[in-house]
Amino acid sequence: DSSEFIENVKIDLFPDAVYVFTPKGELKIIPQGATALDFAFEIHTAVGYHCIGAKVSHRLVPLSHRLSNGDQVEIITSEVAKPEKEWLSFAHTSKAKAAINNALKAETKDRIQKGKEMLEKKLSELGLIPNSDIIRKLLESYELINKDELYSKIGIGIINLDELRKVLKKSPENNIIKYWKLRIGGGTKKEPAPKETKVDQSKI
């Protein structure tokens, strides 16, 4: 049977590995400690990206489930599923970790680009052109570290651009903000007329 076959193979080949099977009976050799998630990426990167769970010997298990010798593993996938950061906490193989990191970096890059385009469009509606002064003001207002973090939070909707007008009109004592207020439609204070200096004619 499968368990006896595995024990014989382990002795001859990789005694520290775990031997599991696909539903079609194909043998897969994975490291000890590997999970159902690792197995999904071992099958194919696309399978790993879209996995949501697994059946181990016909029993439903989470992706974090550690596999044992002789397990028959079937990966359950969904087209809408995508890698999550928490997967890195139970991914065991370097192949799975690398694939997850690559997917997360690509998603972050797309989110940053989306947020940048959204901000540029909103500023354009307000008659403004993005520049370093505007970015600095927004970073200060939202207490962010850099513009990528700003774009990212805009891209996922944490920062609501409907409030952009209000944010840019803050701190009127700042000359840059005064400029924004003028461009956005706010008023500007008139400079007071210079006072006349009276001269004592007796001292001339």
# chains A, B, ... in the order shown; residues from 1 in each chain; ligands from 1
>>> residues_around(residues="stretch 76-84 of chain A", least_positions_apart="3", cutoff="10 Å", atoms="only C-alpha atoms", output="list in words")
Ala40, Ala46, Val47, Gly48, Tyr49, His50, Cys51, Ile52, Gly53, Ala54, Lys55, Leu60, Leu63, Val73, Trp87, Leu88, Ala99, Ile100, Asn101, Asn102, Ala103, Leu104 and Glu107 of chain A
>>> select_by_dssp(residues="stretch 35-107 of chain A", states="strand (DSSP E)", output="list of chain:residue names")
A:Cys51, A:Ile52, A:Gly53, A:Ala54, A:Lys55, A:Val56, A:Arg59, A:Leu60, A:Val61, A:Val73, A:Glu74, A:Ile75, A:Ile76, A:Thr77
>>> residues_around(residues="A:Phe21", least_positions_apart="6", cutoff="7 Å", atoms="only C-alpha atoms", output="ChimeraX atom specification")
/A:27-28,70-73
>>> write_last_selection(atoms="N, CA, C and O atoms", output="PDB file, in the first residue's frame")
ATOM      1  N   LEU A  27       3.078  11.162  -6.987  1.00  0.00           N
ATOM      2  CA  LEU A  27       3.869  11.360  -5.780  1.00  0.00           C
ATOM      3  C   LEU A  27       4.581  12.711  -5.800  1.00  0.00           C
ATOM      4  O   LEU A  27       5.197  13.093  -6.798  1.00  0.00           O
ATOM      5  N   LYS A  28       4.506  13.422  -4.674  1.00  0.00           N
ATOM      6  CA  LYS A  28       5.209  14.683  -4.507  1.00  0.00           C
ATOM      7  C   LYS A  28       6.075  14.609  -3.250  1.00  0.00           C
ATOM      8  O   LYS A  28       5.615  14.143  -2.199  1.00  0.00           O
ATOM      9  N   GLY A  70       2.108  10.071   3.281  1.00  0.00           N
ATOM     10  CA  GLY A  70       0.970   9.292   2.815  1.00  0.00           C
ATOM     11  C   GLY A  70      -0.297  10.097   2.592  1.00  0.00           C
ATOM     12  O   GLY A  70      -1.294   9.542   2.118  1.00  0.00           O
ATOM     13  N   ASP A  71      -0.281  11.388   2.927  1.00  0.00           N
ATOM     14  CA  ASP A  71      -1.473  12.213   2.722  1.00  0.00           C
ATOM     15  C   ASP A  71      -1.799  12.331   1.236  1.00  0.00           C
ATOM     16  O   ASP A  71      -0.902  12.464   0.399  1.00  0.00           O
ATOM     17  N   GLN A  72      -3.084  12.284   0.941  1.00  0.00           N
ATOM     18  CA  GLN A  72      -3.549  12.614  -0.402  1.00  0.00           C
ATOM     19  C   GLN A  72      -4.101  14.041  -0.332  1.00  0.00           C
ATOM     20  O   GLN A  72      -5.006  14.315   0.443  1.00  0.00           O
ATOM     21  N   VAL A  73      -3.518  14.928  -1.122  1.00  0.00           N
ATOM     22  CA  VAL A  73      -3.821  16.364  -0.986  1.00  0.00           C
ATOM     23  C   VAL A  73      -4.495  16.896  -2.246  1.00  0.00           C
ATOM     24  O   VAL A  73      -3.979  16.749  -3.354  1.00  0.00           O
TER      25      VAL A  73
END
>>> select_by_dssp(residues="stretch 12-203 of chain A", states="helix (DSSP H, G or I)", output="ChimeraX atom specification")
/A:12,36-43,45-49,85-89,94-125,132-142,147-155,161-168,175-184,201-203
>>> closest_residue(among="A:Lys122, A:Gly127, A:Val20, A:Thr108", to="A:Lys85", atoms="only C-alpha atoms")
A:Thr108
>>> closest_residue(among="A:Glu125, A:Tyr142, A:Lys137, A:Arg59", to="A:Ile158", atoms="only C-alpha atoms")
A:Tyr142
>>> closest_residue(among="A:Leu123, A:Val18, A:Leu150, A:Asn131", to="A:Asp38", atoms="only C-alpha atoms")
A:Val18
>>> closest_residue(among="A:Lys24, A:His58, A:His44, A:Arg165", to="A:Ser124", atoms="only C-alpha atoms")
A:Arg165
>>> residues_around(residues="A:Ile135", least_positions_apart="5", cutoff="10 Å", atoms="only C-alpha atoms", output="list in words")
Pro130, Glu140, Ser141, Asn146, Lys147 and Leu150 of chain A
>>> write_last_selection(atoms="C-alpha atoms", output="compact mmCIF listing (two decimals), in the first residue's frame")
# COMPACT_ATOMS: atom_id res chain seq x y z
CA PRO A 130 0.83 67.92 -8.50
CA GLU A 140 1.98 66.22 6.98
CA SER A 141 -1.82 66.27 7.10
CA ASN A 146 6.49 58.99 2.02
CA LYS A 147 4.47 59.50 -1.14
CA LEU A 150 0.14 58.22 0.43
>>> closest_residue(among="A:Asp16, A:Glu120, A:Asp133, A:Asp148", to="A:Asn69", atoms="only C-alpha atoms")
A:Asp16
>>> atom_distance(atom1="atom CA of A:Leu164", atom2="atom CA of A:Ile134")
10.7 Å
>>> closest_residue(among="A:Ala106, A:Leu161, A:Leu168, A:Ile154", to="A:Leu128", atoms="only C-alpha atoms")
A:Leu168
>>> atom_distance(atom1="atom CA of A:Ser94", atom2="atom CA of A:Gln113")
28.6 Å
>>> atom_distance(atom1="atom CA of A:Gln32", atom2="atom CA of A:Lys105")
27.7 Å
